[in-house]
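Student: Quick one: structure below, then a few questions.
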Amino acid sequence: MNARNIVLDKYSAKVYKNRKEHIIEVNEVTKNQPIAANSRSVPGIMTNRGCCYAGCKGVVLGPLKDVLVLTHGPIGCGLYSWGTRRNKAKTEDGKNFIEYCFSTDLQESDIVFGGEKKLRQAIKEAVEIFHPKCIMICSTCPVGLIGDDIHAVAADTEKEYGISCMAYSCEGYKGVSQSGGHHIANNVLMKRVIGTGDAQPTKKFTVNILGEYNIGGDGWETERILKRIGYEVVCVFTGDGSYETLKNSHVANLNLVQCHRSINYIAEMMKTKYGIDWIKVNFIGLEAIVKSLRDMATYFGDKTLAQRTEEVIADELANIAQEKDYYFSKLKGKTAALYVGGSRSHHYQNLLADFGVKTVLAGHEFAHRDDYEGREVIPTIKEDADSKNIEHLDVEKDEQKYHAYLSEEQLEELKTKIPLEDYKGIIKEMDNGSIVVDDLNHFETEEFVKLLKPDVFFSGIKDKYVLQKAGVVSKQLHSYDYSGPYAGFIGAINFARDVTMGLYTPAWGLVTPPWKNKSTLKASLVGGEE
Ligand code: SF4
């Protein structure tokens, strides 16, 4: 029996029926079969997912340095999304709000009598103390349940203080995971921020980077390389990002999509409204970066730019050649499991392969079927009550600001050469025999670790310590623990160094998981399986 079936076999019939759709062993047949994704976790199972509020406030809005993001809810929600992703930001004017945790700290009496008064008071204090030019209000579960009208408060704030204020109805219970929150954040940024500025680009080749959150400085390293080649980076969504740069992002020629899941909505809408094409890139992993830079040069079709691209690639690779060989010799032949967010489990396979590490298991917390199977399946994805609960925003062409860089004929020709408005998903790039799991839970994590015995497990904070106690090196890929950047050429070496240090520390050989020398509790299911 293969690892997938051994793990599934331990479930009751009801859970088995659900989970078997979310786990596949990759082979020539399953590569072309649907996988269940973006559906509710089984109640009672220890999922590693986050909530809708976490996706909106924690992922997309949180890194905006000049925006005061105010959590309307109990303090736990704000604390939970405060600084845990290690988004880095530098400011010119000294205002960097991402270091703060702003919350209305709702109490029981507010839940009973309503929290709007407290929200208005919090905004008044925030304006008086911090003088922000933009406030974004994010609502949490209890706010949705008691029905505070955060949109009315936002409108009143704009009138009273003359600043921009927008509200996000991103209550944690909406949707099935943090993915719903990404979508809600994308919609409001598109409606209220993007395209409202009037700054003009200064260079010929202009790009935005979408889905780059500057964890551990990744965005800075990517920008350094692009600027060396000669690109102008108009805006990064949203790592080290700002309200000011977002406003002007509509002037770029090309959108580079790093994290497909969290921001493909904006890429699509900017194409319709402003004519900006997008390509899927990956600045994690040496071969992937080289390919992405060459795809960009192909898109712009400029000889000098293409030549400069090759010069920079050659120089960056020469700079790291010696260290790359050293870490390859230390890591070659090791195996890895990855369980991260919407795209990282895919991106890091490329980087691991650069150092000879084979991925035996990969999964996403909040991916949709297109992240696994490729965007061609989007028309076949059935909407359910949860996905209908998230607004689908329809935008129209902006006649004044529309500025397509290439003609339709040029685009059609390019589609055969570069990933224009396309993403092939994770499964097609994985080796036969490897396992793909959607919404991997704690039980499955432990079972797969015992069966597949990966040398290193990349995950998030919720499973990191379970794995370490089992004697497996574990590294967080949501936050990089305390390290980074891992993007770009230099980042690849940082990553290989950290993984090598983790694998070669003698600590893991000294750990004995509790189940190896003590009897464990046993239980049986009573009352039937249904
Ligand atoms: S699920 Fe609800 S209560 Fe929990 S953190 Fe998210 S918004 Fe807050």
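By convention in this document, the chains of the structure tokens carry letters A, B, ... by their order, each chain's residues are numbered from 1, and ligands are numbered from 1 in the order they are shown.
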Output as a Markdown table one row per residue of chain A within 12 Å of ligand 1: the closest atom pair and its distance in Å to one decimal place, counting only C-alpha atoms and all ligand atoms, sorted by chain and residue number ascending.
Tutor:
| residue | atom | partner | partner_atom_place_in_ligand_line | distance |
| --- | --- | --- | --- | --- |
| A:Arg49 | CA | ligand 1 | 1 (S) | 10.2 |
| A:Gly50 | CA | ligand 1 | 6 (Fe) | 7.3 |
| A:Cys51 | CA | ligand 1 | 6 (Fe) | 4.8 |
| A:Cys52 | CA | ligand 1 | 6 (Fe) | 6.5 |
| A:Tyr53 | CA | ligand 1 | 7 (S) | 5.0 |
| A:Ala54 | CA | ligand 1 | 6 (Fe) | 6.2 |
| A:Gly55 | CA | ligand 1 | 6 (Fe) | 9.2 |
| A:Cys56 | CA | ligand 1 | 7 (S) | 10.1 |
| A:Lys57 | CA | ligand 1 | 7 (S) | 9.7 |
| A:Gly58 | CA | ligand 1 | 6 (Fe) | 10.1 |
| A:Thr71 | CA | ligand 1 | 7 (S) | 9.2 |
| A:His72 | CA | ligand 1 | 7 (S) | 9.3 |
| A:Gly73 | CA | ligand 1 | 8 (Fe) | 7.0 |
| A:Pro74 | CA | ligand 1 | 8 (Fe) | 7.1 |
| A:Ile75 | CA | ligand 1 | 8 (Fe) | 8.5 |
| A:Gly76 | CA | ligand 1 | 5 (S) | 6.6 |
| A:Cys77 | CA | ligand 1 | 8 (Fe) | 4.0 |
| A:Gly78 | CA | ligand 1 | 8 (Fe) | 7.5 |
| A:Leu79 | CA | ligand 1 | 5 (S) | 8.7 |
| A:Tyr80 | CA | ligand 1 | 5 (S) | 6.5 |
| A:Ser81 | CA | ligand 1 | 5 (S) | 8.0 |
| A:Trp82 | CA | ligand 1 | 5 (S) | 11.2 |
| A:Ser103 | CA | ligand 1 | 8 (Fe) | 11.4 |
| A:Asp105 | CA | ligand 1 | 8 (Fe) | 11.2 |
| A:Leu106 | CA | ligand 1 | 8 (Fe) | 11.1 |
| A:Cys138 | CA | ligand 1 | 7 (S) | 9.1 |
| A:Ser139 | CA | ligand 1 | 7 (S) | 7.2 |
| A:Thr140 | CA | ligand 1 | 7 (S) | 3.8 |
| A:Cys141 | CA | ligand 1 | 2 (Fe) | 4.1 |
| A:Pro142 | CA | ligand 1 | 3 (S) | 6.8 |
| A:Val143 | CA | ligand 1 | 7 (S) | 8.8 |
| A:Gly144 | CA | ligand 1 | 7 (S) | 9.3 |
| A:Leu145 | CA | ligand 1 | 2 (Fe) | 10.3 |
| A:Tyr168 | CA | ligand 1 | 7 (S) | 11.9 |
| A:Ser169 | CA | ligand 1 | 7 (S) | 10.4 |
| A:Cys170 | CA | ligand 1 | 7 (S) | 7.7 |
| A:Glu171 | CA | ligand 1 | 7 (S) | 5.3 |
| A:Gly172 | CA | ligand 1 | 7 (S) | 3.6 |
| A:Tyr173 | CA | ligand 1 | 1 (S) | 5.8 |
| A:Lys174 | CA | ligand 1 | 1 (S) | 8.9 |
| A:Gly175 | CA | ligand 1 | 1 (S) | 10.9 |
| A:Val176 | CA | ligand 1 | 1 (S) | 10.5 |
| A:Ser177 | CA | ligand 1 | 1 (S) | 9.4 |
| A:Gln178 | CA | ligand 1 | 6 (Fe) | 9.0 |
| A:Gly180 | CA | ligand 1 | 6 (Fe) | 11.8 |
| A:Gly181 | CA | ligand 1 | 6 (Fe) | 10.2 |
Student: Write out as JSON lines the residues of segment 448-483 of chain A that have any atom within 9 Å of an atom of segment 359-381 of chain A, one row each with the nearest atom pair and its distance in Å to one decimal, counting only C-alpha atoms, sorted by chain and then rising number.
Tutor:
{"residue": "A:Phe448", "atom": "CA", "partner": "A:Leu361", "partner_atom": "CA", "distance": 8.5}
{"residue": "A:Leu452", "atom": "CA", "partner": "A:Val360", "partner_atom": "CA", "distance": 7.2}
{"residue": "A:Pro454", "atom": "CA", "partner": "A:Val360", "partner_atom": "CA", "distance": 7.2}
Student: Rounded to one decimal place, report the atom CA of Val437 of chain A-atom CA of Leu351 of chain A distance in Å.
Tutor: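 If I compute the distance from atom CA of Val437 of chain A to atom CA of Leu351 of chain A, I get 20.0 Å.
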Student: When you draw a straight line from atom CA of Glu125 of chain A to atom CA of Asp66 of chain A, how long is it in Å?
Tutor: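 Interatomic distance, atom CA of Glu125 of chain A to atom CA of Asp66 of chain A: 16.9 Å.
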Student: Step one, run DSSP on the backbone; step two, keep only residues of segment 154-380 of chain A assigned to helix (DSSP H, G or I); then write them as a PyMOL selection string.
Tutor: chain A and resi 154-161+179-192+218-229+243-247+249-251+260-274+286-300+303-331+344-354+369-373+375-380
Student: So that I can see what lies close to Thr335 of chain A, please list as a list in words the residues with an atom at most 9 Å from it, counting only C-alpha atoms and leaving out residues fewer than 6 positions away in the same chain.
Tutor: Gly356, Val357, Lys358, Thr359, Val360, Lys453, Pro454, Asp455, Val456 and Phe457 of chain A
Student: What lies within 10 Å of segment 276-280 of chain A using only C-alpha atoms, ignoring chain neighbours under 3 positions off, as a VMD selection string?
Tutor: chain A and resid 207 to 210 250 to 260 264 267 to 273 292 295 to 296 299 402 to 406 411 415 418 to 424
Student: Can you write out the residues you just picked, keeping C-alpha atoms, as a PDB file, in the first residue's frame?
Tutor:
ATOM      1  CA  VAL A 207       6.961  46.720 -13.660  1.00  0.00           C
ATOM      2  CA  ASN A 208       4.947  46.024 -10.506  1.00  0.00           C
ATOM      3  CA  ILE A 209       5.723  43.002  -8.360  1.00  0.00           C
ATOM      4  CA  LEU A 210       2.507  41.367  -7.155  1.00  0.00           C
ATOM      5  CA  HIS A 250      -1.571  51.556 -12.906  1.00  0.00           C
ATOM      6  CA  VAL A 251       1.233  53.234 -14.895  1.00  0.00           C
ATOM      7  CA  ALA A 252       3.467  50.124 -15.060  1.00  0.00           C
ATOM      8  CA  ASN A 253       3.833  48.156 -18.303  1.00  0.00           C
ATOM      9  CA  LEU A 254       3.933  44.681 -16.835  1.00  0.00           C
ATOM     10  CA  ASN A 255       2.738  42.974 -13.650  1.00  0.00           C
ATOM     11  CA  LEU A 256       4.992  40.245 -12.280  1.00  0.00           C
ATOM     12  CA  VAL A 257       2.968  37.760 -10.239  1.00  0.00           C
ATOM     13  CA  GLN A 258       5.016  36.009  -7.549  1.00  0.00           C
ATOM     14  CA  CYS A 259       2.309  34.587  -5.222  1.00  0.00           C
ATOM     15  CA  HIS A 260      -0.444  33.546  -7.601  1.00  0.00           C
ATOM     16  CA  ASN A 264      -4.112  37.000  -9.102  1.00  0.00           C
ATOM     17  CA  ALA A 267      -3.511  41.077 -11.875  1.00  0.00           C
ATOM     18  CA  GLU A 268      -6.649  40.107 -13.786  1.00  0.00           C
ATOM     19  CA  MET A 269      -8.519  43.307 -12.939  1.00  0.00           C
ATOM     20  CA  MET A 270      -5.565  45.544 -13.874  1.00  0.00           C
ATOM     21  CA  LYS A 271      -5.388  43.795 -17.234  1.00  0.00           C
ATOM     22  CA  THR A 272      -9.067  44.562 -17.921  1.00  0.00           C
ATOM     23  CA  LYS A 273      -9.076  48.100 -16.546  1.00  0.00           C
ATOM     24  CA  SER A 292      11.803  34.734 -14.906  1.00  0.00           C
ATOM     25  CA  ASP A 295      10.804  35.845 -19.700  1.00  0.00           C
ATOM     26  CA  MET A 296      10.637  39.511 -18.733  1.00  0.00           C
ATOM     27  CA  TYR A 299       8.134  40.309 -23.048  1.00  0.00           C
ATOM     28  CA  TYR A 402      -5.676  52.191 -20.473  1.00  0.00           C
ATOM     29  CA  HIS A 403      -2.200  51.674 -21.966  1.00  0.00           C
ATOM     30  CA  ALA A 404      -1.503  48.205 -23.414  1.00  0.00           C
ATOM     31  CA  TYR A 405       2.222  47.791 -24.066  1.00  0.00           C
ATOM     32  CA  LEU A 406       1.853  45.137 -26.780  1.00  0.00           C
ATOM     33  CA  LEU A 411       0.552  38.851 -27.173  1.00  0.00           C
ATOM     34  CA  LYS A 415       1.865  33.219 -25.193  1.00  0.00           C
ATOM     35  CA  ILE A 418       6.360  32.888 -21.821  1.00  0.00           C
ATOM     36  CA  PRO A 419       3.723  32.345 -19.077  1.00  0.00           C
ATOM     37  CA  LEU A 420       1.514  35.287 -20.084  1.00  0.00           C
ATOM     38  CA  GLU A 421      -1.613  35.331 -17.946  1.00  0.00           C
ATOM     39  CA  ASP A 422      -0.911  31.701 -17.179  1.00  0.00           C
ATOM     40  CA  TYR A 423       0.117  29.496 -14.281  1.00  0.00           C
ATOM     41  CA  LYS A 424       0.600  25.769 -14.718  1.00  0.00           C
TER      42      LYS A 424
END
Student: Enter the distance from atom CA of Leu393 of chain A to atom CA of Ser242 of chain A, in Å, rounded to one decimal.
Tutor: 22.6 Å
Student: Give me the segment 174-258 of chain A side of the contact with segment 315-330 of chain A, cut-off 12 Å, one line per residue showing its nearest atom pair and distance in Å at one decimal, counting only C-alpha atoms, sorted by chain and residue number, as CSV.
Tutor:
residue,atom,partner,partner_atom,distance
A:Glu221,CA,A:Glu316,CA,11.9
A:Arg224,CA,A:Glu316,CA,11.3
A:Ile225,CA,A:Glu316,CA,8.8
A:Leu226,CA,A:Glu316,CA,12.0
A:Arg228,CA,A:Glu316,CA,10.5
A:Ile229,CA,A:Asp315,CA,11.3
Student: Please save N, CA and C atoms of the selected residues as a PDB file, in the first residue's frame.
Tutor:
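Contents of the output file result_1.pdb:
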ATOM      1  N   GLU A 221      15.649  42.250  -2.157  1.00  0.00           N
ATOM      2  CA  GLU A 221      16.648  41.534  -2.954  1.00  0.00           C
ATOM      3  C   GLU A 221      16.180  41.411  -4.415  1.00  0.00           C
ATOM      4  N   ARG A 224      16.545  44.761  -6.051  1.00  0.00           N
ATOM      5  CA  ARG A 224      17.965  45.074  -6.345  1.00  0.00           C
ATOM      6  C   ARG A 224      18.362  44.499  -7.708  1.00  0.00           C
ATOM      7  N   ILE A 225      17.959  43.266  -7.967  1.00  0.00           N
ATOM      8  CA  ILE A 225      18.323  42.624  -9.232  1.00  0.00           C
ATOM      9  C   ILE A 225      17.631  43.321 -10.408  1.00  0.00           C
ATOM     10  N   LEU A 226      16.347  43.610 -10.241  1.00  0.00           N
ATOM     11  CA  LEU A 226      15.600  44.245 -11.336  1.00  0.00           C
ATOM     12  C   LEU A 226      16.156  45.634 -11.649  1.00  0.00           C
ATOM     13  N   ARG A 228      19.224  46.602 -11.137  1.00  0.00           N
ATOM     14  CA  ARG A 228      20.535  46.413 -11.798  1.00  0.00           C
ATOM     15  C   ARG A 228      20.356  46.254 -13.302  1.00  0.00           C
ATOM     16  N   ILE A 229      19.310  45.548 -13.684  1.00  0.00           N
ATOM     17  CA  ILE A 229      19.066  45.313 -15.119  1.00  0.00           C
ATOM     18  C   ILE A 229      18.574  46.587 -15.798  1.00  0.00           C
TER      19      ILE A 229
END
Student: Which one is closest to Ala36 of chain A: A:Phe205, A:Thr104, A:Tyr265, A:Lys382? Count only C-alpha atoms.
Tutor: A:Lys382
Student: Report as number ranges by chain: the residues of segment 71-186 of chain A with a DSSP assignment of strand (DSSP E), based on the backbone of this structure.
Tutor: A: 71-72, 102-103, 134-139, 164-168
Student: Counting only C-alpha atoms, what is within 10 Å of Gln468 of chain A, bar same-chain residues fewer than 5 positions away, as a ChimeraX atom specification?
Tutor: /A:456-457,463,473-475,507-508,511,513
Student: Write the selection just made, keeping C-alpha atoms, as a PDB file, in the first residue's frame?
Tutor:
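New file result-v6.pdb:
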ATOM      1  CA  VAL A 456      13.638  18.517   6.563  1.00  0.00           C
ATOM      2  CA  PHE A 457      10.066  19.789   6.831  1.00  0.00           C
ATOM      3  CA  ASP A 463       3.360  22.480  12.982  1.00  0.00           C
ATOM      4  CA  VAL A 473      14.496  19.629  11.197  1.00  0.00           C
ATOM      5  CA  SER A 474      11.743  22.147  10.635  1.00  0.00           C
ATOM      6  CA  LYS A 475      11.973  25.586   9.129  1.00  0.00           C
ATOM      7  CA  ALA A 507      20.632  18.050  18.168  1.00  0.00           C
ATOM      8  CA  TRP A 508      18.279  15.947  16.023  1.00  0.00           C
ATOM      9  CA  VAL A 511      15.798  13.796  20.292  1.00  0.00           C
ATOM     10  CA  PRO A 513       9.977  11.352  20.242  1.00  0.00           C
TER      11      PRO A 513
END
Student: Do a neighbour search on His151 of chain A at 10 Å with only C-alpha atoms, toss out local chain neighbours closer than 4 positions, and write the hits as a PDB file with N, CA and C atoms, in the first residue's frame.
Tutor:
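After the write, result_23.pdb holds the following:
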ATOM      1  N   ILE A 137      -9.913  49.800   8.036  1.00  0.00           N
ATOM      2  CA  ILE A 137     -10.573  49.113   9.163  1.00  0.00           C
ATOM      3  C   ILE A 137     -10.864  47.671   8.751  1.00  0.00           C
ATOM      4  N   ALA A 155     -16.860  56.095   6.045  1.00  0.00           N
ATOM      5  CA  ALA A 155     -17.320  57.258   5.258  1.00  0.00           C
ATOM      6  C   ALA A 155     -17.329  58.511   6.132  1.00  0.00           C
ATOM      7  N   ASP A 156     -17.796  58.391   7.372  1.00  0.00           N
ATOM      8  CA  ASP A 156     -17.818  59.536   8.291  1.00  0.00           C
ATOM      9  C   ASP A 156     -16.402  60.015   8.614  1.00  0.00           C
ATOM     10  N   THR A 157     -15.473  59.060   8.737  1.00  0.00           N
ATOM     11  CA  THR A 157     -14.078  59.417   9.045  1.00  0.00           C
ATOM     12  C   THR A 157     -13.494  60.279   7.921  1.00  0.00           C
ATOM     13  N   CYS A 165     -10.194  56.651   4.185  1.00  0.00           N
ATOM     14  CA  CYS A 165     -10.527  55.590   5.148  1.00  0.00           C
ATOM     15  C   CYS A 165     -11.385  54.548   4.432  1.00  0.00           C
ATOM     16  N   MET A 166     -10.977  53.311   4.504  1.00  0.00           N
ATOM     17  CA  MET A 166     -11.764  52.267   3.840  1.00  0.00           C
ATOM     18  C   MET A 166     -11.974  51.083   4.786  1.00  0.00           C
ATOM     19  N   ALA A 167     -13.099  50.433   4.602  1.00  0.00           N
ATOM     20  CA  ALA A 167     -13.461  49.341   5.510  1.00  0.00           C
ATOM     21  C   ALA A 167     -13.463  48.009   4.771  1.00  0.00           C
ATOM     22  N   TYR A 168     -13.018  46.977   5.465  1.00  0.00           N
ATOM     23  CA  TYR A 168     -12.945  45.631   4.888  1.00  0.00           C
ATOM     24  C   TYR A 168     -13.818  44.694   5.721  1.00  0.00           C
ATOM     25  N   SER A 169     -14.877  44.183   5.122  1.00  0.00           N
ATOM     26  CA  SER A 169     -15.734  43.214   5.834  1.00  0.00           C
ATOM     27  C   SER A 169     -15.113  41.837   5.682  1.00  0.00           C
TER      28      SER A 169
END
Student: Set the distance at 8 Å and use only C-alpha atoms: which residues neighbour segment 23-34 of chain A once local chain neighbours fewer than 5 positions away are removed? I'd like the list as JSON, numbers by chain.
Tutor: {"A": [4, 369, 373, 427, 428, 430, 431, 432, 433, 434, 435, 436, 437, 438]}
Student: Please produce an output containing C-alpha atoms for each residue in the selection, written as an mmCIF file, in the first residue's frame.
Tutor:
data_model
loop_
_atom_site.group_PDB
_atom_site.id
_atom_site.type_symbol
_atom_site.label_atom_id
_atom_site.label_comp_id
_atom_site.auth_asym_id
_atom_site.auth_seq_id
_atom_site.Cartn_x
_atom_site.Cartn_y
_atom_site.Cartn_z
ATOM 1 C CA ARG A 4 -1.374 7.987 0.761
ATOM 2 C CA ARG A 369 -7.673 23.970 -7.758
ATOM 3 C CA GLU A 373 -3.733 21.894 -11.568
ATOM 4 C CA ILE A 427 1.313 19.194 -9.616
ATOM 5 C CA LYS A 428 2.682 19.075 -13.166
ATOM 6 C CA MET A 430 6.241 17.280 -9.198
ATOM 7 C CA ASP A 431 7.904 13.891 -9.591
ATOM 8 C CA ASN A 432 5.909 10.705 -9.858
ATOM 9 C CA GLY A 433 5.624 9.070 -6.455
ATOM 10 C CA SER A 434 5.555 12.327 -4.510
ATOM 11 C CA ILE A 435 2.497 13.263 -2.463
ATOM 12 C CA VAL A 436 0.346 16.376 -2.797
ATOM 13 C CA VAL A 437 -1.967 17.265 0.091
ATOM 14 C CA ASP A 438 -4.504 20.037 0.297
#
